[in-house]
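Source file: protein36.cif. Holds: mmCIF, C-alpha atoms.
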```cif
data_start
#
loop_
_atom_site.label_atom_id
_atom_site.label_comp_id
_atom_site.auth_asym_id
_atom_site.auth_seq_id
_atom_site.Cartn_x
_atom_site.Cartn_y
_atom_site.Cartn_z
CA MET A 307 0.00 0.00 0.00
CA ASN A 308 2.93 2.30 0.76
CA LYS A 309 4.23 1.80 -2.79
CA THR A 310 0.82 2.72 -4.16
CA PHE A 311 0.91 6.07 -2.38
CA ILE A 312 4.48 6.67 -3.54
CA ILE A 313 3.37 6.23 -7.14
CA ALA A 314 0.30 8.40 -6.50
CA ARG A 315 2.55 11.12 -5.07
CA ARG A 316 4.81 10.93 -8.11
CA GLU A 317 1.85 11.21 -10.52
CA PHE A 318 0.42 14.13 -8.54
CA LEU A 319 3.65 16.14 -8.36
CA THR A 320 4.57 15.40 -11.97
CA ARG A 321 1.34 16.93 -13.25
CA VAL A 322 0.97 19.76 -10.74
CA GLN A 323 4.47 21.07 -11.39
CA LYS A 324 3.89 21.37 -15.13
CA LYS A 325 3.25 24.79 -16.66
CA THR A 326 0.21 23.43 -18.46
CA PHE A 327 -1.45 22.68 -15.10
CA LEU A 328 -0.99 26.27 -13.94
CA LEU A 329 -2.25 27.62 -17.26
CA THR A 330 -5.39 25.47 -17.33
CA THR A 331 -6.14 25.73 -13.61
CA ILE A 332 -5.60 29.46 -13.14
CA GLY A 333 -5.62 30.83 -16.67
CA LEU A 334 -8.89 29.20 -17.77
CA PRO A 335 -11.09 30.74 -15.02
CA LEU A 336 -9.43 34.13 -15.61
CA LEU A 337 -10.12 33.85 -19.33
CA ILE A 338 -13.77 32.89 -18.78
CA PHE A 339 -14.20 35.70 -16.26
CA GLY A 340 -12.62 38.21 -18.64
CA ILE A 341 -14.94 37.22 -21.48
CA TYR A 342 -17.93 37.29 -19.12
CA ALA A 343 -17.00 40.77 -17.86
CA LEU A 344 -16.49 42.11 -21.38
CA ILE A 345 -19.88 40.78 -22.50
CA ILE A 346 -21.63 42.53 -19.61
CA PHE A 347 -19.57 45.71 -20.02
CA PHE A 348 -20.29 46.09 -23.72
CA ALA A 349 -23.94 45.09 -23.23
CA VAL A 350 -24.65 47.82 -20.69
CA ASN A 351 -22.63 50.43 -22.59
CA ASP A 352 -24.30 49.81 -25.91
CA THR A 353 -26.81 52.64 -25.48
CA LYS A 354 -27.53 53.32 -29.16
CA ASP A 355 -31.27 53.20 -29.74
CA TYR A 356 -32.79 51.89 -32.93
CA LYS A 357 -34.71 54.88 -34.36
CA ILE A 358 -37.73 54.35 -36.57
CA ALA A 359 -39.59 57.21 -38.25
CA VAL A 360 -43.38 56.72 -38.52
CA GLN A 361 -45.41 58.64 -41.10
CA ASP A 362 -48.94 57.67 -40.03
CA ASP A 363 -51.33 59.30 -42.53
CA ALA A 364 -54.07 56.83 -41.55
CA LYS A 365 -53.84 57.86 -37.85
CA ILE A 366 -53.70 54.25 -36.70
CA PHE A 367 -51.06 54.24 -34.00
CA LYS A 368 -51.38 57.72 -32.54
CA THR A 369 -49.31 57.40 -29.32
CA SER A 370 -49.58 53.63 -28.85
CA LEU A 371 -46.01 53.04 -30.00
CA GLU A 372 -44.34 54.73 -27.06
CA ASP A 373 -41.52 52.58 -25.73
CA LYS A 374 -40.53 53.35 -22.15
CA LYS A 375 -37.53 51.06 -22.33
CA LYS A 376 -36.32 52.84 -25.49
CA GLU A 377 -34.84 49.72 -27.01
CA VAL A 378 -36.59 50.78 -30.20
CA VAL A 379 -37.63 54.44 -30.54
CA PHE A 380 -40.58 55.29 -32.76
CA SER A 381 -40.58 58.94 -33.89
CA PHE A 382 -43.83 60.25 -35.43
CA VAL A 383 -43.15 62.60 -38.34
CA ASN A 384 -45.46 64.77 -40.46
CA ASN A 385 -45.61 65.75 -44.13
CA GLU A 386 -43.03 63.15 -45.13
CA THR A 387 -43.07 61.03 -48.28
CA LYS A 388 -41.29 57.84 -49.16
CA THR A 389 -38.75 59.87 -51.10
CA THR A 390 -37.92 62.16 -48.19
CA LEU A 391 -37.84 59.22 -45.79
CA ASP A 392 -35.43 57.36 -48.09
CA ALA A 393 -33.22 60.42 -48.06
CA ALA A 394 -33.37 60.51 -44.26
CA LEU A 395 -32.17 56.90 -44.13
CA ILE A 396 -29.28 57.67 -46.45
CA ALA A 397 -28.38 60.65 -44.25
CA LYS A 398 -28.47 58.27 -41.24
CA LYS A 399 -31.08 60.39 -39.50
CA TYR A 400 -33.11 57.25 -38.83
CA ASP A 401 -32.35 53.52 -38.87
CA ALA A 402 -35.68 52.64 -40.48
CA TYR A 403 -39.09 54.09 -41.32
CA ILE A 404 -42.72 53.01 -41.60
CA TYR A 405 -44.96 54.75 -44.14
CA ILE A 406 -48.72 54.24 -43.61
CA PRO A 407 -50.90 55.72 -46.39
CA LYS A 408 -54.36 57.20 -45.80
CA ASP A 409 -56.13 54.26 -47.46
CA PHE A 410 -54.56 51.73 -45.07
CA ASN A 411 -57.36 49.49 -43.70
CA LEU A 412 -56.68 48.14 -40.22
CA ASN A 413 -59.19 45.29 -40.62
CA ASN A 414 -57.96 44.20 -44.04
CA ILE A 415 -55.48 41.39 -43.59
CA LYS A 416 -54.11 42.02 -47.07
CA ASP A 417 -52.80 45.42 -45.99
CA SER A 418 -49.42 44.99 -44.37
CA LEU A 419 -46.96 47.31 -42.72
CA HIS A 420 -43.57 47.72 -44.33
CA VAL A 421 -40.53 48.52 -42.23
CA VAL A 422 -37.89 49.96 -44.54
CA ALA A 423 -34.41 49.79 -42.99
CA ALA A 424 -31.13 51.29 -44.05
CA LYS A 425 -29.30 48.02 -43.35
CA SER A 426 -30.11 44.46 -42.36
CA VAL A 427 -32.00 44.29 -39.05
CA GLY A 428 -30.76 41.95 -36.32
CA LEU A 429 -32.90 39.10 -35.06
CA ILE A 430 -33.48 40.53 -31.57
CA THR A 431 -34.24 44.03 -32.87
CA LYS A 432 -36.58 42.64 -35.51
CA SER A 433 -38.44 40.62 -32.88
CA THR A 434 -38.80 43.74 -30.67
CA ILE A 435 -40.19 45.81 -33.56
CA GLU A 436 -42.69 43.10 -34.54
CA LYS A 437 -43.87 42.73 -30.96
CA LYS A 438 -44.41 46.47 -30.50
CA LEU A 439 -46.27 46.85 -33.79
CA ASN A 440 -48.46 43.79 -33.23
CA ASN A 441 -49.39 44.94 -29.70
CA ALA A 442 -50.26 48.40 -31.00
CA LEU A 443 -52.37 46.99 -33.85
CA GLU A 444 -54.19 44.66 -31.48
CA GLU A 445 -54.95 47.50 -29.09
CA ASN A 446 -56.31 49.73 -31.86
CA LYS A 447 -58.48 46.94 -33.24
CA LEU A 448 -59.98 46.38 -29.81
CA LEU A 449 -60.67 50.08 -29.34
CA LEU A 450 -62.23 50.50 -32.77
CA GLY A 451 -64.21 47.26 -32.86
CA LEU A 452 -65.22 46.50 -29.25
CA ASN A 453 -64.31 49.64 -27.38
CA ILE A 454 -62.13 47.55 -25.06
CA SER A 455 -58.68 48.68 -23.98
CA LYS A 456 -55.65 46.42 -23.98
CA ALA A 457 -55.43 46.71 -20.18
CA GLN A 458 -59.01 45.46 -19.83
CA LEU A 459 -58.33 42.54 -22.14
CA ASP A 460 -55.20 41.62 -20.19
CA SER A 461 -57.24 41.71 -16.98
CA LEU A 462 -59.79 39.31 -18.48
CA GLN A 463 -57.07 36.94 -19.65
CA ARG A 464 -55.22 36.98 -16.32
CA THR A 465 -55.82 33.76 -14.39
CA SER A 466 -55.45 32.88 -10.73
CA GLU A 467 -52.00 31.94 -9.46
CA ILE A 468 -51.32 28.20 -9.47
CA LYS A 469 -49.10 26.85 -6.70
CA PHE A 470 -47.44 23.44 -6.37
CA THR A 471 -46.75 21.66 -3.08
CA THR A 472 -45.53 18.22 -2.11
CA VAL A 473 -47.48 15.74 0.00
CA ASN A 474 -45.41 16.89 2.97
CA GLY A 475 -46.70 20.42 2.55
CA GLU A 476 -43.44 21.86 1.20
CA LYS A 477 -43.68 24.50 -1.53
CA ASP A 478 -42.51 23.42 -4.97
CA THR A 479 -41.86 26.88 -6.41
CA ASP A 480 -40.54 27.78 -9.85
CA ILE A 481 -37.34 29.07 -8.25
CA LYS A 482 -36.73 25.72 -6.56
CA THR A 483 -37.50 23.74 -9.72
CA THR A 484 -35.29 25.93 -11.89
CA ALA A 485 -32.43 25.98 -9.37
CA SER A 486 -32.64 22.20 -8.88
CA SER A 487 -32.54 21.63 -12.63
CA ILE A 488 -29.56 23.96 -13.07
CA PHE A 489 -27.61 22.46 -10.16
CA GLY A 490 -28.41 18.90 -11.26
CA TYR A 491 -27.52 19.48 -14.88
CA GLY A 492 -24.36 21.40 -13.99
CA CYS A 493 -23.02 18.78 -11.58
CA GLY A 494 -23.90 15.90 -13.90
CA PHE A 495 -22.28 17.64 -16.85
CA LEU A 496 -19.09 18.31 -14.86
CA ILE A 497 -18.79 14.64 -13.90
CA TYR A 498 -19.50 13.68 -17.53
CA ILE A 499 -16.59 15.87 -18.69
CA VAL A 500 -14.31 14.63 -15.89
CA LEU A 501 -14.86 10.98 -16.78
CA PHE A 502 -13.77 11.63 -20.34
CA ILE A 503 -10.86 14.02 -19.68
CA TYR A 504 -9.20 12.40 -16.69
CA GLY A 505 -10.02 8.86 -17.78
CA THR A 506 -8.25 9.57 -21.06
CA MET A 507 -5.32 11.09 -19.14
CA VAL A 508 -4.90 7.85 -17.18
CA MET A 509 -5.07 5.80 -20.38
CA ARG A 510 -2.45 7.95 -22.11
CA GLY A 511 -0.20 7.91 -19.05
CA VAL A 512 -0.27 4.12 -18.89
CA ALA A 513 0.21 3.78 -22.66
CA GLU A 514 3.15 6.19 -22.58
CA GLU A 515 4.92 4.28 -19.82
CA LYS A 516 4.35 1.03 -21.67
CA THR A 517 5.64 2.45 -24.96
CA ASN A 518 8.73 3.94 -23.29
CA ARG A 519 9.36 0.69 -21.40
CA ILE A 520 9.21 2.59 -18.10
CA ALA A 521 6.63 0.11 -16.77
CA GLU A 522 9.15 -2.74 -17.06
CA VAL A 523 11.51 -0.96 -14.69
CA ILE A 524 8.78 0.01 -12.22
CA ILE A 525 7.15 -3.41 -12.19
CA SER A 526 10.42 -4.98 -11.08
CA SER A 527 9.76 -3.50 -7.62
CA VAL A 528 6.02 -2.76 -7.74
CA LYS A 529 3.09 -5.00 -8.52
CA PRO A 530 1.07 -4.03 -11.64
CA PHE A 531 -2.06 -3.54 -9.53
CA GLN A 532 -0.22 -1.15 -7.19
CA LEU A 533 1.11 0.80 -10.16
CA MET A 534 -2.35 1.12 -11.66
CA MET A 535 -3.95 2.21 -8.36
CA GLY A 536 -1.17 4.72 -7.75
CA LYS A 537 -1.75 6.35 -11.13
CA ILE A 538 -5.51 6.49 -10.56
CA LEU A 539 -5.16 8.06 -7.11
CA GLY A 540 -2.51 10.55 -8.24
CA ILE A 541 -4.35 11.80 -11.31
CA GLY A 542 -7.68 11.79 -9.44
CA THR A 543 -6.21 14.03 -6.74
CA VAL A 544 -4.98 16.41 -9.44
CA GLY A 545 -8.50 16.59 -10.88
CA LEU A 546 -10.08 17.23 -7.48
CA LEU A 547 -7.56 19.94 -6.66
CA GLN A 548 -8.17 21.56 -10.03
CA PHE A 549 -11.92 21.67 -9.45
CA LEU A 550 -11.52 23.16 -5.98
CA ILE A 551 -9.24 25.89 -7.35
CA TRP A 552 -11.73 26.62 -10.15
CA ILE A 553 -14.62 26.97 -7.68
CA VAL A 554 -12.65 29.29 -5.38
CA LEU A 555 -11.40 31.42 -8.27
CA MET A 556 -14.79 31.75 -9.94
CA LEU A 557 -16.55 32.70 -6.70
CA GLY A 558 -13.80 35.17 -5.82
CA LEU A 559 -13.82 36.77 -9.27
CA GLN A 560 -17.60 37.14 -9.14
CA LEU A 561 -17.28 39.11 -5.91
CA LEU A 562 -14.59 41.31 -7.48
CA LEU A 563 -16.80 42.26 -10.44
CA PRO A 564 -18.39 45.34 -8.75
CA LEU A 565 -14.92 46.49 -7.62
CA ILE A 566 -13.43 46.21 -11.10
CA PHE A 567 -16.38 48.07 -12.65
CA PRO A 568 -17.60 50.51 -9.95
CA ASP A 569 -20.32 52.01 -12.15
CA LEU A 570 -21.49 48.66 -13.49
CA MET A 571 -24.36 48.17 -11.04
CA HIS A 572 -25.80 51.61 -11.74
CA GLN A 573 -25.45 51.21 -15.48
CA MET A 574 -27.11 47.80 -15.52
CA GLN A 575 -30.09 49.13 -13.57
CA SER A 576 -30.49 52.22 -15.75
CA GLN A 577 -29.74 50.82 -19.20
CA PRO A 578 -31.87 48.29 -21.11
CA ILE A 579 -30.42 44.86 -21.57
CA GLN A 580 -31.01 42.94 -24.77
CA PRO A 581 -33.02 39.72 -24.32
CA GLY A 582 -29.98 37.65 -25.19
CA MET A 583 -28.11 39.08 -22.19
CA ILE A 584 -30.88 38.67 -19.62
CA ALA A 585 -29.63 35.27 -18.49
CA ALA A 586 -26.17 36.64 -17.73
CA THR A 587 -27.22 39.89 -16.07
CA SER A 588 -30.69 39.49 -14.57
CA ALA A 589 -29.35 38.59 -11.10
CA VAL A 590 -27.42 41.86 -10.94
CA GLN A 591 -30.04 43.93 -12.74
CA GLN A 592 -32.91 43.24 -10.37
CA SER A 593 -33.07 45.09 -7.09
CA GLY A 594 -34.06 41.97 -5.19
CA ALA A 595 -31.30 39.75 -6.60
CA MET A 596 -29.83 38.92 -3.20
CA ASP A 597 -33.26 37.96 -1.90
CA HIS A 598 -33.63 35.50 -4.78
CA ILE A 599 -30.18 34.06 -4.10
CA HIS A 600 -31.04 33.56 -0.43
CA GLU A 601 -34.31 31.93 -1.44
CA ILE A 602 -32.49 29.56 -3.79
CA PHE A 603 -30.04 28.49 -1.08
CA ALA A 604 -32.92 28.09 1.36
CA GLN A 605 -34.89 25.78 -0.94
CA VAL A 606 -32.02 23.75 -2.41
CA ASN A 607 -29.98 21.47 -0.15
CA ILE A 608 -26.52 22.77 -1.07
CA PRO A 609 -24.55 20.65 1.49
CA LEU A 610 -26.23 17.49 0.19
CA ILE A 611 -25.42 18.41 -3.41
CA ILE A 612 -21.78 19.19 -2.60
CA GLY A 613 -21.34 16.00 -0.58
CA CYS A 614 -22.92 13.80 -3.26
CA PHE A 615 -20.94 15.56 -5.98
CA LEU A 616 -17.63 14.77 -4.26
CA PHE A 617 -18.65 11.15 -3.68
CA TYR A 618 -19.89 10.51 -7.22
CA PHE A 619 -17.03 12.51 -8.69
CA LEU A 620 -14.46 10.30 -6.97
CA GLY A 621 -16.44 7.07 -7.31
CA GLY A 622 -17.12 7.59 -11.01
CA TYR A 623 -13.56 8.66 -11.68
CA PHE A 624 -11.97 5.70 -9.85
CA MET A 625 -14.25 3.23 -11.62
CA TYR A 626 -13.73 4.55 -15.14
CA ALA A 627 -10.06 5.41 -14.61
CA SER A 628 -9.35 1.77 -13.82
CA LEU A 629 -11.07 0.73 -17.05
CA PHE A 630 -9.21 3.36 -19.08
CA ALA A 631 -5.96 2.24 -17.46
CA ALA A 632 -6.68 -1.33 -18.53
CA VAL A 633 -7.18 -0.15 -22.11
CA GLY A 634 -3.95 1.87 -21.94
CA SER A 635 -2.03 -1.23 -20.89
CA THR A 636 -3.09 -3.01 -24.09
CA VAL A 637 -2.01 -0.21 -26.46
CA ASN A 638 1.19 -0.64 -28.42
CA GLU A 639 2.99 1.88 -30.63
CA ASP A 640 -0.16 2.73 -32.58
CA PRO A 641 -2.61 4.72 -30.37
CA GLN A 642 -5.40 3.95 -32.85
CA ASP A 643 -5.57 0.48 -31.37
CA ALA A 644 -7.26 1.95 -28.30
CA GLN A 645 -10.26 3.36 -30.20
CA THR A 646 -11.99 0.00 -30.60
CA LEU A 647 -11.35 -0.94 -26.98
CA THR A 648 -12.55 2.39 -25.54
CA LEU A 649 -15.95 2.20 -27.24
CA PRO A 650 -17.49 -0.18 -24.65
CA ILE A 651 -16.22 2.18 -21.91
CA THR A 652 -17.40 5.47 -23.41
CA MET A 653 -20.88 4.26 -24.39
CA PRO A 654 -22.16 3.99 -20.75
CA ILE A 655 -20.87 7.53 -20.12
CA ILE A 656 -22.82 8.84 -23.11
CA PHE A 657 -25.92 6.87 -22.10
CA GLY A 658 -25.64 8.32 -18.60
CA PHE A 659 -25.61 11.85 -20.00
CA VAL A 660 -28.68 11.12 -22.16
CA ILE A 661 -30.58 9.67 -19.18
CA MET A 662 -29.54 12.66 -17.06
CA MET A 663 -31.27 15.00 -19.52
CA GLN A 664 -34.57 13.26 -18.76
CA ALA A 665 -33.85 12.92 -15.03
CA VAL A 666 -33.44 16.71 -14.72
CA ASN A 667 -37.05 17.16 -15.84
CA ASN A 668 -38.53 13.99 -14.33
CA PRO A 669 -36.30 12.70 -11.49
CA ASN A 670 -38.66 9.89 -10.47
CA SER A 671 -39.18 8.26 -13.85
CA PRO A 672 -38.30 4.54 -14.12
CA LEU A 673 -35.44 5.32 -16.52
CA ALA A 674 -34.01 7.94 -14.14
CA VAL A 675 -34.24 5.53 -11.19
CA PHE A 676 -32.48 2.78 -13.15
CA GLY A 677 -29.77 5.17 -14.39
CA SER A 678 -29.11 6.45 -10.87
CA LEU A 679 -28.68 2.92 -9.49
CA PHE A 680 -26.66 1.33 -12.29
CA PRO A 681 -22.98 1.92 -11.31
CA LEU A 682 -21.77 2.82 -14.82
CA THR A 683 -24.32 5.65 -15.17
CA SER A 684 -25.11 6.59 -11.56
CA PRO A 685 -22.29 9.20 -11.15
CA ILE A 686 -23.95 11.34 -13.81
CA VAL A 687 -27.66 10.54 -13.41
CA MET A 688 -27.86 10.61 -9.61
CA MET A 689 -26.72 14.24 -9.44
CA ALA A 690 -29.77 15.26 -11.48
CA ARG A 691 -32.04 13.55 -8.93
CA VAL A 692 -30.19 14.64 -5.77
CA ALA A 693 -30.53 18.29 -6.77
CA HIS A 694 -34.31 17.98 -6.38
CA GLY A 695 -33.85 16.97 -2.76
CA VAL A 696 -34.53 14.03 -0.47
CA PRO A 697 -37.10 12.48 -0.58
CA ASP A 698 -38.70 14.60 -3.37
CA GLY A 699 -36.11 13.79 -6.03
CA VAL A 700 -34.63 10.59 -4.62
CA THR A 701 -35.45 8.50 -1.58
CA ILE A 702 -32.87 7.82 1.12
CA PHE A 703 -32.98 4.10 0.33
CA GLN A 704 -32.25 4.68 -3.35
CA LEU A 705 -29.43 7.11 -2.55
CA VAL A 706 -27.75 4.69 -0.12
CA LEU A 707 -28.26 1.76 -2.50
CA SER A 708 -26.75 3.77 -5.36
CA MET A 709 -23.67 4.60 -3.28
CA VAL A 710 -23.21 0.97 -2.21
CA LEU A 711 -23.56 -0.25 -5.80
CA LEU A 712 -21.05 2.36 -6.97
CA VAL A 713 -18.49 1.22 -4.39
CA VAL A 714 -19.08 -2.42 -5.39
CA GLY A 715 -18.78 -1.41 -9.03
CA PHE A 716 -15.50 0.39 -8.35
CA ILE A 717 -14.03 -2.62 -6.54
CA SER A 718 -15.20 -4.97 -9.31
CA THR A 719 -13.88 -2.85 -12.18
CA THR A 720 -10.57 -2.32 -10.36
CA TRP A 721 -10.18 -6.07 -9.90
CA LEU A 722 -11.17 -6.62 -13.53
CA ALA A 723 -8.80 -3.95 -14.79
CA GLY A 724 -6.00 -5.29 -12.61
CA LYS A 725 -6.13 -8.68 -14.31
CA ILE A 726 -6.05 -7.03 -17.74
CA TYR A 727 -3.29 -4.66 -16.68
CA ARG A 728 -1.11 -7.46 -15.31
CA THR A 729 -0.86 -9.14 -18.72
CA GLY A 730 -1.30 -6.22 -21.09
CA ILE A 731 1.39 -3.95 -19.62
CA LEU A 732 4.14 -6.46 -20.56
CA MET A 733 2.78 -7.45 -23.99
CA TYR A 734 4.39 -5.84 -27.05
CA GLY A 735 4.15 -6.17 -30.82
CA LYS A 736 0.71 -7.78 -30.90
CA LYS A 737 -2.66 -6.21 -31.60
CA VAL A 738 -4.98 -7.09 -28.74
CA THR A 739 -8.62 -8.06 -29.37
CA ILE A 740 -11.59 -8.00 -27.01
CA LYS A 741 -11.76 -11.81 -27.21
CA GLU A 742 -8.17 -12.12 -26.03
CA ILE A 743 -8.79 -9.67 -23.18
CA GLY A 744 -11.62 -11.94 -22.06
CA LYS A 745 -9.14 -14.79 -21.77
CA TRP A 746 -6.86 -12.64 -19.56
CA ILE A 747 -9.75 -11.95 -17.19
CA PHE A 748 -10.60 -15.59 -16.60
CA ARG A 749 -7.00 -16.78 -16.54
CA LYS A 750 -5.92 -18.01 -13.14
CA ALA A 751 -3.08 -16.11 -11.47
#
```
Please express the file's structure as structure tokens.
Amino acid sequence: MNKTFIIARREFLTRVQKKTFLLTTIGLPLLIFGIYALIIFFAVNDTKDYKIAVQDDAKIFKTSLEDKKKEVVFSFVNNETKTTLDAALIAKKYDAYIYIPKDFNLNNIKDSLHVVAAKSVGLITKSTIEKKLNNALEENKLLLGLNISKAQLDSLQRTSEIKFTTVNGEKDTDIKTTASSIFGYGCGFLIYIVLFIYGTMVMRGVAEEKTNRIAEVIISSVKPFQLMMGKILGIGTVGLLQFLIWIVLMLGLQLLLPLIFPDLMHQMQSQPIQPGMIAATSAVQQSGAMDHIHEIFAQVNIPLIIGCFLFYFLGGYFMYASLFAAVGSTVNEDPQDAQTLTLPITMPIIFGFVIMMQAVNNPNSPLAVFGSLFPLTSPIVMMARVAHGVPDGVTIFQLVLSMVLLVVGFISTTWLAGKIYRTGILMYGKKVTIKEIGKWIFRKA
């Protein structure tokens, strides 16, 4: 066991001391934060309004096109023609214009409004213009035909609030559902990426040592199983350390955002944000953002999510790393030989991600329950269920059973991989098949 930890220490220090580790661990969060800050900065400083001139000879809109948010500004003009409006566009006085002749019939579906723009209109801006015009047309039709205002119609269409609760009387709010889905998907996706990245790192490390004949020297004093376990533990510790550094850096950089841009909060509250930026800036833009954050942490069991994430992160990694290490031990000079052998390993990871997508929306479906219990998919799928809470998303029995099965699965795959590793690490010059690997497994020591 002492030799296993010596090898794990060597693998850990070898990777941590590389410049690439520092660049990916520290540089990547800084790069993401920089891009995130630039997106917000340019979004809140892009104050140019889209100006549209309206020549309304039919007196249809009157003042119903006023836009308080001023994302799109409609300016009513008088005594203008299409020719003069075209000239105004060329002179860049307006970005677009709408010309409504006197014979325009509001109730005639064949009559359509034409928005003439100087240049191509963006998708978001076009959607905003269409929404404003359609709302104004609807309001005028109601006033002319039924003498009903848009506010009265909205009042008639407004329904009573619908609330969801569990059988235990706990509130199942939209904030809780959304937060649970985001946490579940995020944690499951991280584990999905980790299994691929760090599992492949273990496979390449083993294959490199075999190709360079380093394994022959090490095995003279260390058992193959100890060497494999040492590599898994060492690389796994590197991955866990990297994630912890990422979390600390991202949280710290988020807190530094108001200090880096002192006027950012005021600008984001005073300037309109395009719909595409709402997801990135709504938490800062709303005055009650901190209240919503507190509500999210109050309704979602964060300690449970963190604890389960660490367990399934390590359990999933150890299980798949042992399998990837076994594949690496069978690779010779040509790395392409590993592609056929890695397919049976990568398919359960992909299936787990697909099942997780359904488990996020329906955590108690039979497929989600099966995926969270089956050891090869449980590290990914269970996180989607745990985020919804216990016992709402997953029962205590299912959670404990899933953990026990994952530990059993890890021990079984490690034993299985050890038998493959013992033979494959010393085999050279022969292309290994799945059938031959099966013989190694059942061969007596």
One-decimal distance in Å that lies between CA of Ala397 (chain A) and CA of Thr434 (chain A): 24.1 Å
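Closest approach to Ile686 (chain A) among A:Asn385, A:Gln704, A:Gln664, A:Asn308 is made by A:Gln664 (distances from only C-alpha atoms).
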So the first atom is CA of Pro669 (chain A) and the second is CA of Asp698 (chain A); what is the distance between them in Å, to one decimal place? 8.7 Å
Might you pull out every residue within 12 Å of Thr646 (chain A), with all atoms listed in the file counted and same-chain residues fewer than 3 positions away left off, and present them as an MDAnalysis selection string? chainID A and resid 633:634 636:637 641:643 649:653 737:740
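Put simply, the PyMOL selection byres ((chain A and resi 364) around 7) in this file takes in A:Asp362, A:Asp363, A:Lys365, A:Ile366, A:Ile406, A:Pro407, A:Lys408, A:Asp409, A:Phe410.
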